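Let me begin by presenting the structure, written as structure tokens, before commenting on it.
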Amino acid sequence: MLNLTLLLHLLVLLLSPADASFHGEVPDFYGDEATGYGPVFEEQPVDTIYPEESPEAKITLNCRARANPPATYKWKLNNMEIDLNEEGSHYSLVGGNLVINNPIKTKHEGNYSCLASNMYGALISQVGSVQFGYLDLFSSEERETVKVKEGQGAVLLCAPPPHHPAELSFRWILNEFPTFIPLDKRRFVSQSNGNLYISKVDSISKSVFSNYIPLMPQAERPIRKYPADLNVKFPDTTALVGQNITLECFALGNPVPEIHWKKLDGPMPNHEIRMAGAHLHLYNVQFEDGGTYRCEAVNSRGKDYHTARLSVEAFPEWVEHINSIEKDLNSEYTMSCIATGKPKPHIRWLKNGELMRFSSLTFDDSGMYQCIAENHHGVIYANAELRVFACAPTFEHNPVKRVLAAKNGRVVIECRPKAAPKPTFSWSKDTELLSNSTRVFIWEDGSLEILNVTRADEGRYTCFAENDRGKANSTGSLLVTESTKITLAPSNADVKVGENAWMQCAALHDPSLDITFIWSLDGRNGSSNGELLIKNAQLKHAGRYTCTAQTPVDNITASAHLVVRGPPGAPGGVRVINKTDKSVTLQWSRGADNHSPISKYTIQYRNSFSKDVWKNATTSPADVEGNAETSTVKDLFPWTEYEFRVIATNTLGTGEPSSPSPKEKTLEFLWWRPRTFGGGGGTSRELTITWTPVQPQYYYGPNFGYIVAFRPQDDYQWRRVIVADPQANRYVHKESSIPPLTQFQVKVKAFNSKGEGPYSLTAIIYSAQDAPSEAPVNVNGRALSATEAIVWWLPLSQSNIDGYQVKYWRNQEDSEGGAQRVVVPGKENHTRLEGMKPDSSYLIEIRGYNSAGYGPPSEHLQVHTKKPRMLCFKVSVNIAWEHVEPLDNEASIDGYKVLYRQQGSSTGTLYTTSRRYIDLPLHDGDYVVEVRAHTEGGDGRKPLLWFSLSLIVLSRPHLTA
């Protein structure tokens with residue numbers, strides 16, 4: 001026996017414990033007749049990380065091999081054999097498994113391998129590493145405060161503590177545990193270094209926590225805006241085939257940047273965008289996914305980008321490997337192992353060389369063999385047993401059999417005795433010795449072949465085998481049957497999609513045999529009877545159908561074609577070959593017409609603004625003929641990223657759309673004229689100019705913004721201001737020397753990196769008016785009841801009064817900040833105060849207002865509400881009058897003045913109102929009431945209404961007069 005043990009031990013130095021795999025199985029020659037076989041691993045040690053704080057104070061490394069006789073086991077640590085019987089040893093053997101009790105990092109960390117052996121040979125296992133995992137506490141040092149201006153980005157460093165293994169998961173806490181910071185477009189935690197990135201600062205298994213890092217936003221007014229700045233950039237990265245991998249990018253900036261990903265040298269693979277764009281997650285990476293990737297961060301202030309390469313490599317994988325085998329004594333044999341991987345694996349053997357060739361096998365060549373393929377990603381193993389044997393021929397397990405053959409056909413009668421060395425063969429039929437002829441052949445492996453079989457070939461056939469260890473023979477028989485013939489062959493068929501297709505097949509065969517019909521489509525088996533019905537035929541059903549009439553002895557075939565006509569297939573290779581600012585020229589390749597000529601093409605598009613909705617494109621020419629392979633799409637938006645697809649149509653319908661074209665951005669263009677435009681109002685000494693901001697799809701280029709021009713009506717010089725924010729909708733010009741309500745001419749235009757667009761039409765707006773400068777005077781009032789009061793005042797003489805604010809609050813109990821308020825139109829000078837508290841002293845204040853703000857307050861008026869009564873009622877008189885129509889030479893009516901006084905009194909109360917009625921609070925007595933119309937030219941010379949009335953208040957709920 002070949003002594004392999006020492007060489008096998010050397011394999012420990014070649015193995016990578018991380019990702020190893022074994023190939024080895026019990027071969028067919030290990031049957032009941034076999035007395036034994038060498039080890040075949042069923043369990044092997046794997047990489048193990050032992051937590052230093054684990055409550056289970058032991059590590060178990062598995063090793064189990066199937067073998068006959070049973071295997072014995074030895075273990076090695078770092079290629080040194082472990083003495084399991086050493087005094088004070090922490091090791092013990094349970095079956096083939098190695099148990100480490102109370103493991104100690106300094107003694108038991110390392111690479112372990114298992115050796116399984118019996119009388120037939122030995123195999124060494126893959127290497128399994130033992131490492132000790134830990135996660136120390138963060139440093140106790142105080143973290144320095146990070147001060148950042150509002151609107152700027154911030155980076156808070158994590159500085160993770162010492163740990164093993166390398167992979168950690170990071171989260172951040174805001175203020176107090178367990179308030180973990182939610183991650184979004186503005187906040188990002190890198191899982192490579194743990195740092196927290198905040199793009200724009202606003203005022204605002206085991207885990208360990210660092211000290212808090214104070215983040216203090218520094219107020220800045222107005223908040224400045226900052227261009228996108230990539231702070232997290234993925235490096236050049238290597239991935240293994242089949243892995244999932246994540247690339248990270250995150251940017252600081254204000255406004256919060258958008259992050260976009262692209263592959264520069266091909267289409268994006270199967271991917272998912274996570275963490276609001278900060279993560280590009282690639283699934284099941286393949287070789288074609290390698291290339292250059294770019295992340296772009298964009299906001300209204302600028303753009304930043306980063307590119308790096310993704311390389312895809314592969315773990316070693318067997319293409320061909322050794323298997324256990326039994327070979328004859330003195331025969332030739334070649335062992336071969338071939339593996340793929342990237343980088344290309346290096347193959348090592350127990351003996352030097354890539355192939356092991358035995359020119360003349362001896363019994364000493366029997367044993368266990370291993371070949372190893374490895375690159376820097378890992379190692380794989382293939383194990384096999386070679387058994388060299390010799391014996392006289394014997395047909396005990398494989399005698400010559402009874403064989404059936406079809407007339408005029410071909411038959412092979414096998415002769416497969418077990419023998420070593422290889423025997424010589426001869427055949428006889430009945431008593432006649434056979435030799436090679438034009439119809440009869442004896443193969444090298446002993447099989448007998450007969451061509452053009454006839455009834456005369458029926459009989460008993462004997463195979464003789466002989467080698468230097470003995471000889472043997474075995475007899476079988478040959479029976480000849482009638483050959484099978486197709487009597488009804490299937491016919492070609494032509495149908496449309498959705499129709500049924502019918503094919504038939506019949507055959508004549510030997511009556512002593514069973515027959516089966518098998519249908520196949522382009523080599524794929526299907527139905528098993530003589531008739532084939534295809535319901536609701538689809539394009540996928542088209543092809544060459546073959547009927548096979550098969551008996552246990554022979555078979556015969558006949559074929560027919562099924563044509564299925566349907567809508568066209570999807571066009572291919574759609575791409576942009578030319579583009580302008582508002583159009584692109586597309587090119588594509590024709591798809592299958594599915595046996596009906598293509599009549600036309602439809603082109604569709606989508607962009608980031610259409611929310612993944614495909615829309616029909618406007619083309620030139622408008623109708624794209626079926627023989628076309630190019631077309632121009634027009635009426636597109638400039639500087640906008642588009643995808644296109646093409647759909648073919650024929651008389652049988654419309655086919656599936658093509659795959660989307662690679663994304664293309666139209667060229668830059670400059671044209672925009674504001675449509676909704678105006679301004680005015682605002683605070684004193686301000687000129688407010690407003691417009692409707694442009695939607696992003698109309699920017700037509702990068703660096704989009706606005707230019708605002710304005711000048712006083714009587715000035716010749718325009719002032720220009722640049723507004724760089726594309727989402728801005730106003731500009732406020734402040735200047736202390738601007739007179740109130742000054743007339744200005746204003747106009748707005750857009751700009752981008754291409755240049756400036758045309759100005760809008762010129763509009764006339766006014767600067768803000770001044771707030772009222774006078775306080776109302778002659779403020780009077782009185783309580784009407786326990787909960788109501790009335791107050792009146794002289795109207796302000798200024799013309800810029802929009803109205804009055806009446807504020808009232810209890811003198812002692814309330815604060816002025818909690819006062820109730822009533823707004824009165826500018827044409828009125830009185831109001832009723834409601835919701836007051838009984839028997840309370842109220843302070844009342846009145847001030848005028850307009851769009852520029854409030855004027856100074858009046859002097860405080862004090863009113864004391866009445867005490868509550870058991871029976872309360874409201875006394876008032878309602879006076880109404882008809883509307884006055886002014887003459888052609890008279891001004892329009894602004895409102896009405898109502899004067900009322902007690903009979904005999906020379907003074908009264910004056911109200912102004914825009915309504916045509918008024919409620920007057922009255923008491924016992926005689927009253928005179930006078931109503932006059934009021935215009936900008938003055939009061940009417942004659943009253944509209946003049947009368948006197950007597951009022952007696954009775955103790956009842958309501959009084960009408």
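Just so we're on the same page: first chain in the structure tokens is A, next is B, and so on; residues restart at 1 for each chain, and ligands are numbered from 1 in the order they show up.
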request  = Can you list, as number ranges by chain, all residues belonging to region 248-487 of chain A that DSSP tags as strand (DSSP E or B)?
outcome  = A: 248-254, 258-263, 271-274, 279-282, 291-299, 302-320, 325-328, 333-335, 338-342, 346-349, 356-358, 367-375, 378-389, 391-394, 403-406, 411-413, 418-420, 424-429, 432-433, 440-442, 448-450, 459-467, 470-481, 485-487
When you look at Lys867 (chain A) with a cut-off of 6 Å (counting only C-alpha atoms), what residues show up, excluding the ones that are within fewer than 6 positions of it in the same chain? I need them as an mmCIF file with all heavy atoms, in the first residue's frame.
data_model
loop_
_atom_site.group_PDB
_atom_site.id
_atom_site.type_symbol
_atom_site.label_atom_id
_atom_site.label_comp_id
_atom_site.auth_asym_id
_atom_site.auth_seq_id
_atom_site.Cartn_x
_atom_site.Cartn_y
_atom_site.Cartn_z
ATOM 1 N N ALA A 786 -74.616 91.780 31.213
ATOM 2 C CA ALA A 786 -73.564 91.161 32.010
ATOM 3 C C ALA A 786 -72.461 90.567 31.140
ATOM 4 O O ALA A 786 -71.347 90.340 31.610
ATOM 5 C CB ALA A 786 -74.150 90.072 32.915
ATOM 6 N N PRO A 838 -69.501 88.594 33.693
ATOM 7 C CA PRO A 838 -70.372 89.523 34.426
ATOM 8 C C PRO A 838 -69.606 90.246 35.528
ATOM 9 O O PRO A 838 -68.627 89.722 36.076
ATOM 10 C CB PRO A 838 -71.460 88.604 34.995
ATOM 11 C CG PRO A 838 -71.392 87.343 34.193
ATOM 12 C CD PRO A 838 -69.964 87.205 33.788
ATOM 13 N N ASP A 839 -70.094 91.454 35.809
ATOM 14 C CA ASP A 839 -69.605 92.237 36.945
ATOM 15 C C ASP A 839 -68.073 92.310 36.939
ATOM 16 O O ASP A 839 -67.413 92.058 37.934
ATOM 17 C CB ASP A 839 -70.114 91.630 38.265
ATOM 18 C CG ASP A 839 -69.906 92.607 39.450
ATOM 19 O OD1 ASP A 839 -69.786 93.825 39.177
ATOM 20 O OD2 ASP A 839 -69.854 92.119 40.581
#
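CA of Ile515 (chain A) to CA of Leu451 (chain A) spans 22.9 Å [interatomic distance, one decimal].
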message = Using DSSP secondary structure from the backbone, list all helix (DSSP H, G or I) positions within region 76-172 of chain A, as JSON, numbers by chain.
response = {"A": [105, 106, 107, 108]}
For Ile442 (chain A): contacts at 10 Å, only C-alpha atoms, fewer than 3 positions along chain excluded, given as an MDAnalysis selection string = chainID A and resid 412:415 425:427 434:437 445:450
Let's have the selection written as a compact mmCIF listing (two decimals), in the first residue's frame, with N, CA and C atoms.
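Heads up, here's the output in part-v6.txt:
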# COMPACT_ATOMS: atom_id res chain seq x y z
N VAL A 412 -26.70 -5.47 -29.86
CA VAL A 412 -25.43 -5.64 -29.16
C VAL A 412 -25.69 -6.52 -27.95
N ILE A 413 -24.95 -7.65 -27.86
CA ILE A 413 -25.05 -8.55 -26.71
C ILE A 413 -23.80 -8.31 -25.86
N GLU A 414 -24.01 -7.84 -24.62
CA GLU A 414 -22.87 -7.46 -23.78
C GLU A 414 -22.25 -8.67 -23.12
N CYS A 415 -20.90 -8.57 -22.92
CA CYS A 415 -20.14 -9.57 -22.19
C CYS A 415 -19.26 -8.81 -21.22
N PHE A 425 -11.53 -12.27 -25.40
CA PHE A 425 -12.92 -12.69 -25.56
C PHE A 425 -13.09 -13.47 -26.87
N SER A 426 -14.04 -14.43 -26.85
CA SER A 426 -14.48 -15.13 -28.06
C SER A 426 -15.95 -15.49 -27.88
N TRP A 427 -16.67 -15.70 -29.04
CA TRP A 427 -18.11 -15.98 -29.00
C TRP A 427 -18.42 -17.21 -29.86
N LEU A 434 -17.83 -17.95 -33.64
CA LEU A 434 -18.03 -16.76 -34.45
C LEU A 434 -16.73 -16.00 -34.63
N SER A 435 -16.61 -15.33 -35.76
CA SER A 435 -15.46 -14.46 -36.03
C SER A 435 -15.98 -13.20 -36.71
N ASN A 436 -15.17 -12.13 -36.74
CA ASN A 436 -15.59 -10.86 -37.32
C ASN A 436 -15.87 -11.01 -38.81
N SER A 437 -16.97 -10.32 -39.24
CA SER A 437 -17.37 -10.32 -40.65
C SER A 437 -18.01 -8.99 -40.95
N ASP A 445 -14.20 -4.56 -25.70
CA ASP A 445 -14.66 -4.82 -24.32
C ASP A 445 -15.41 -6.13 -24.20
N GLY A 446 -15.50 -6.91 -25.33
CA GLY A 446 -16.13 -8.22 -25.28
C GLY A 446 -17.53 -8.26 -25.83
N SER A 447 -18.19 -7.13 -26.08
CA SER A 447 -19.56 -7.12 -26.58
C SER A 447 -19.61 -7.64 -28.01
N LEU A 448 -20.76 -8.31 -28.36
CA LEU A 448 -20.99 -8.84 -29.70
C LEU A 448 -22.03 -8.00 -30.41
N GLU A 449 -21.71 -7.48 -31.63
CA GLU A 449 -22.63 -6.65 -32.39
C GLU A 449 -23.02 -7.39 -33.67
N ILE A 450 -24.37 -7.39 -33.98
CA ILE A 450 -24.88 -8.02 -35.20
C ILE A 450 -25.70 -6.98 -35.94
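From CA of Asp623 (chain A) back to CA of Thr649 (chain A), the distance works out to 12.0 Å.
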key: Within 12 Å of Ser54 (chain A) using only C-alpha atoms, minus same-chain residues under 2 positions, as a list in words   =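 Final neighbour list, sorted by chain and number: Ile49, Tyr50, Pro51, Glu52, Glu56, Ala57, Lys58, Ile59, Asn102, Pro103, Phe132, Gly133, Tyr134, Ser205 and Lys206 of chain A.
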Taking N, CA, C and O atoms for each residue, export the selection above as a short mmCIF file (atom, residue, chain, number, x, y, z; two decimals), in the first residue's frame.
data_model
loop_
_atom_site.label_atom_id
_atom_site.label_comp_id
_atom_site.auth_asym_id
_atom_site.auth_seq_id
_atom_site.Cartn_x
_atom_site.Cartn_y
_atom_site.Cartn_z
N ILE A 49 -15.89 31.10 16.00
CA ILE A 49 -15.56 32.28 16.82
C ILE A 49 -16.19 32.05 18.19
O ILE A 49 -17.42 31.94 18.31
N TYR A 50 -15.36 32.00 19.20
CA TYR A 50 -15.82 31.74 20.57
C TYR A 50 -15.93 33.06 21.32
O TYR A 50 -14.92 33.76 21.52
N PRO A 51 -17.15 33.46 21.74
CA PRO A 51 -17.30 34.71 22.50
C PRO A 51 -16.61 34.61 23.85
O PRO A 51 -16.81 33.63 24.59
N GLU A 52 -15.81 35.59 24.19
CA GLU A 52 -15.06 35.53 25.44
C GLU A 52 -15.98 35.50 26.66
O GLU A 52 -15.58 35.04 27.72
N GLU A 56 -21.19 28.98 27.93
CA GLU A 56 -20.84 27.58 27.65
C GLU A 56 -19.32 27.51 27.47
O GLU A 56 -18.78 27.90 26.44
N ALA A 57 -18.63 26.99 28.43
CA ALA A 57 -17.17 27.07 28.48
C ALA A 57 -16.54 25.92 27.72
O ALA A 57 -15.71 25.17 28.26
N LYS A 58 -16.92 25.74 26.45
CA LYS A 58 -16.27 24.71 25.65
C LYS A 58 -16.48 25.00 24.17
O LYS A 58 -17.40 25.72 23.77
N ILE A 59 -15.59 24.44 23.35
CA ILE A 59 -15.66 24.55 21.90
C ILE A 59 -15.62 23.14 21.35
O ILE A 59 -14.80 22.31 21.77
N ASN A 102 -13.00 24.79 28.74
CA ASN A 102 -12.47 26.02 29.33
C ASN A 102 -11.40 26.64 28.42
O ASN A 102 -10.23 26.78 28.81
N PRO A 103 -11.76 26.97 27.19
CA PRO A 103 -10.75 27.45 26.24
C PRO A 103 -10.08 28.74 26.71
O PRO A 103 -10.69 29.60 27.33
N PHE A 132 -11.22 33.98 19.06
CA PHE A 132 -11.95 34.45 20.22
C PHE A 132 -12.57 35.81 19.89
O PHE A 132 -11.85 36.74 19.53
N GLY A 133 -13.89 35.90 20.00
CA GLY A 133 -14.58 37.15 19.69
C GLY A 133 -14.73 38.03 20.91
O GLY A 133 -14.94 37.55 22.04
N TYR A 134 -14.63 39.36 20.70
CA TYR A 134 -14.79 40.29 21.81
C TYR A 134 -15.23 41.64 21.27
O TYR A 134 -15.06 41.97 20.09
N SER A 205 -26.58 41.35 19.02
CA SER A 205 -26.07 40.36 19.89
C SER A 205 -25.55 41.05 21.13
O SER A 205 -26.22 40.94 22.10
N LYS A 206 -24.46 42.01 21.28
CA LYS A 206 -24.00 42.80 22.39
C LYS A 206 -23.88 44.21 21.90
O LYS A 206 -23.47 44.44 20.77
#
task = Kindly indicate which residue among A:Val863, A:Cys158, A:Leu433, A:Ala560 lies nearest to Ser785 (chain A), using only C-alpha atoms for the distances.
result =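 Of A:Val863, A:Cys158, A:Leu433, A:Ala560, the one nearest Ser785 (chain A), counting only C-alpha atoms, is A:Val863.
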task = Within 10 Å of Gln745 (chain A), counting only C-alpha atoms, which residues show up once you throw out same-chain ones fewer than 2 positions away? Write them as a list in words, please.
result = Ala709, Phe710, Arg711, Pro712, Gln713, Asp714, Asp715, Trp718, Gln743, Lys747, Thr762, Ala763, Ile764, Ile765 and Tyr766 of chain A
Suppose we keep N, CA and C atoms; can you now write the selection as a PDB file, in the first residue's frame?
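Output below, filename out37.pdb:
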ATOM      1  N   ALA A 709     -35.504  92.103 -12.370  1.00  0.00           N
ATOM      2  CA  ALA A 709     -35.177  93.494 -12.706  1.00  0.00           C
ATOM      3  C   ALA A 709     -36.338  94.399 -12.293  1.00  0.00           C
ATOM      4  N   PHE A 710     -36.038  95.592 -11.735  1.00  0.00           N
ATOM      5  CA  PHE A 710     -37.096  96.507 -11.311  1.00  0.00           C
ATOM      6  C   PHE A 710     -36.568  97.940 -11.349  1.00  0.00           C
ATOM      7  N   ARG A 711     -37.504  98.886 -11.469  1.00  0.00           N
ATOM      8  CA  ARG A 711     -37.147 100.310 -11.447  1.00  0.00           C
ATOM      9  C   ARG A 711     -38.386 101.104 -11.115  1.00  0.00           C
ATOM     10  N   PRO A 712     -38.236 102.271 -10.464  1.00  0.00           N
ATOM     11  CA  PRO A 712     -39.386 103.158 -10.258  1.00  0.00           C
ATOM     12  C   PRO A 712     -39.960 103.594 -11.610  1.00  0.00           C
ATOM     13  N   GLN A 713     -41.235 103.928 -11.607  1.00  0.00           N
ATOM     14  CA  GLN A 713     -41.927 104.247 -12.849  1.00  0.00           C
ATOM     15  C   GLN A 713     -41.244 105.387 -13.619  1.00  0.00           C
ATOM     16  N   ASP A 714     -40.689 106.361 -12.910  1.00  0.00           N
ATOM     17  CA  ASP A 714     -40.117 107.536 -13.571  1.00  0.00           C
ATOM     18  C   ASP A 714     -38.598 107.439 -13.719  1.00  0.00           C
ATOM     19  N   ASP A 715     -38.027 106.216 -13.546  1.00  0.00           N
ATOM     20  CA  ASP A 715     -36.575 106.045 -13.630  1.00  0.00           C
ATOM     21  C   ASP A 715     -36.233 105.316 -14.928  1.00  0.00           C
ATOM     22  N   TRP A 718     -32.587 100.198 -14.801  1.00  0.00           N
ATOM     23  CA  TRP A 718     -33.094  98.958 -14.199  1.00  0.00           C
ATOM     24  C   TRP A 718     -32.074  98.425 -13.192  1.00  0.00           C
ATOM     25  N   GLN A 743     -44.904 103.388  -7.353  1.00  0.00           N
ATOM     26  CA  GLN A 743     -45.151 102.535  -8.515  1.00  0.00           C
ATOM     27  C   GLN A 743     -43.812 102.085  -9.109  1.00  0.00           C
ATOM     28  N   LYS A 747     -39.801  92.962 -13.939  1.00  0.00           N
ATOM     29  CA  LYS A 747     -39.801  91.858 -14.903  1.00  0.00           C
ATOM     30  C   LYS A 747     -38.824  90.799 -14.398  1.00  0.00           C
ATOM     31  N   THR A 762     -43.467  93.194 -18.735  1.00  0.00           N
ATOM     32  CA  THR A 762     -43.286  94.109 -17.605  1.00  0.00           C
ATOM     33  C   THR A 762     -44.604  94.274 -16.863  1.00  0.00           C
ATOM     34  N   ALA A 763     -44.527  94.192 -15.539  1.00  0.00           N
ATOM     35  CA  ALA A 763     -45.711  94.365 -14.697  1.00  0.00           C
ATOM     36  C   ALA A 763     -45.535  95.616 -13.839  1.00  0.00           C
ATOM     37  N   ILE A 764     -46.652  96.191 -13.434  1.00  0.00           N
ATOM     38  CA  ILE A 764     -46.660  97.354 -12.544  1.00  0.00           C
ATOM     39  C   ILE A 764     -47.092  96.876 -11.161  1.00  0.00           C
ATOM     40  N   ILE A 765     -46.238  97.118 -10.164  1.00  0.00           N
ATOM     41  CA  ILE A 765     -46.608  96.800  -8.776  1.00  0.00           C
ATOM     42  C   ILE A 765     -46.218  97.998  -7.908  1.00  0.00           C
ATOM     43  N   TYR A 766     -46.646  97.965  -6.666  1.00  0.00           N
ATOM     44  CA  TYR A 766     -46.418  99.088  -5.752  1.00  0.00           C
ATOM     45  C   TYR A 766     -45.641  98.614  -4.544  1.00  0.00           C
TER      46      TYR A 766
END
message = Could you list, as a list in words, every residue within 6 Å of region 335-344 of chain A, counting only C-alpha atoms and ignoring same-chain residues fewer than 4 positions away?
response =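 What passes the distance filter is Glu313, Ala314, Phe315, Pro316, Glu317, Trp318, Val319, Glu320, His321, Leu355 and Met356 of chain A.
Distances to Gly908 (chain A) were evaluated for A:Val929, A:Leu174, A:Ala390, A:Ala507 using only C-alpha atoms, and the minimum falls at A:Val929.
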Counting only C-alpha atoms, give me one row per residue of region 721-793 of chain A with an atom at most 7 Å from an atom of region 853-862 of chain A, showing the shortest contact pair and its distance in Å to one decimal, sorted by chain then residue number, as JSON lines.
{"residue": "A:Ala771", "atom": "CA", "partner": "A:Gly853", "partner_atom": "CA", "distance": 5.0}
{"residue": "A:Pro772", "atom": "CA", "partner": "A:Gly855", "partner_atom": "CA", "distance": 4.3}
{"residue": "A:Ser773", "atom": "CA", "partner": "A:Gly855", "partner_atom": "CA", "distance": 5.4}
{"residue": "A:Glu774", "atom": "CA", "partner": "A:Pro856", "partner_atom": "CA", "distance": 6.2}
{"residue": "A:Ala775", "atom": "CA", "partner": "A:Ser858", "partner_atom": "CA", "distance": 5.0}
{"residue": "A:Pro776", "atom": "CA", "partner": "A:Ser858", "partner_atom": "CA", "distance": 5.2}
{"residue": "A:Val777", "atom": "CA", "partner": "A:Ser858", "partner_atom": "CA", "distance": 6.4}
{"residue": "A:Val779", "atom": "CA", "partner": "A:Leu861", "partner_atom": "CA", "distance": 6.8}
{"residue": "A:Asn780", "atom": "CA", "partner": "A:Leu861", "partner_atom": "CA", "distance": 6.9}
Mind writing the picked residues with N, CA, C and O atoms as a PDB file, in the first residue's frame?
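Output contents, as saved in again.pdb:
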ATOM      1  N   ALA A 771     -47.578 101.575   7.718  1.00  0.00           N
ATOM      2  CA  ALA A 771     -48.601 101.228   8.696  1.00  0.00           C
ATOM      3  C   ALA A 771     -49.269 102.521   9.194  1.00  0.00           C
ATOM      4  O   ALA A 771     -48.688 103.617   9.115  1.00  0.00           O
ATOM      5  N   PRO A 772     -50.517 102.460   9.681  1.00  0.00           N
ATOM      6  CA  PRO A 772     -51.193 103.656  10.198  1.00  0.00           C
ATOM      7  C   PRO A 772     -50.337 104.359  11.239  1.00  0.00           C
ATOM      8  O   PRO A 772     -49.693 103.718  12.090  1.00  0.00           O
ATOM      9  N   SER A 773     -50.334 105.685  11.165  1.00  0.00           N
ATOM     10  CA  SER A 773     -49.491 106.457  12.088  1.00  0.00           C
ATOM     11  C   SER A 773     -50.285 107.102  13.216  1.00  0.00           C
ATOM     12  O   SER A 773     -49.703 107.675  14.139  1.00  0.00           O
ATOM     13  N   GLU A 774     -51.615 107.063  13.143  1.00  0.00           N
ATOM     14  CA  GLU A 774     -52.447 107.711  14.159  1.00  0.00           C
ATOM     15  C   GLU A 774     -53.185 106.658  14.964  1.00  0.00           C
ATOM     16  O   GLU A 774     -53.527 105.589  14.455  1.00  0.00           O
ATOM     17  N   ALA A 775     -53.467 107.010  16.211  1.00  0.00           N
ATOM     18  CA  ALA A 775     -54.280 106.153  17.068  1.00  0.00           C
ATOM     19  C   ALA A 775     -55.720 106.679  17.065  1.00  0.00           C
ATOM     20  O   ALA A 775     -55.953 107.894  17.008  1.00  0.00           O
ATOM     21  N   PRO A 776     -56.725 105.762  17.077  1.00  0.00           N
ATOM     22  CA  PRO A 776     -58.113 106.203  17.159  1.00  0.00           C
ATOM     23  C   PRO A 776     -58.342 107.046  18.421  1.00  0.00           C
ATOM     24  O   PRO A 776     -57.741 106.799  19.475  1.00  0.00           O
ATOM     25  N   VAL A 777     -59.223 108.048  18.300  1.00  0.00           N
ATOM     26  CA  VAL A 777     -59.548 108.927  19.440  1.00  0.00           C
ATOM     27  C   VAL A 777     -61.045 108.907  19.682  1.00  0.00           C
ATOM     28  O   VAL A 777     -61.817 108.335  18.916  1.00  0.00           O
ATOM     29  N   VAL A 779     -62.692 107.376  21.947  1.00  0.00           N
ATOM     30  CA  VAL A 779     -63.190 106.012  22.135  1.00  0.00           C
ATOM     31  C   VAL A 779     -64.154 106.010  23.299  1.00  0.00           C
ATOM     32  O   VAL A 779     -63.824 106.453  24.407  1.00  0.00           O
ATOM     33  N   ASN A 780     -65.373 105.542  23.037  1.00  0.00           N
ATOM     34  CA  ASN A 780     -66.416 105.487  24.071  1.00  0.00           C
ATOM     35  C   ASN A 780     -67.079 104.135  24.018  1.00  0.00           C
ATOM     36  O   ASN A 780     -67.006 103.415  23.010  1.00  0.00           O
TER      37      ASN A 780
END
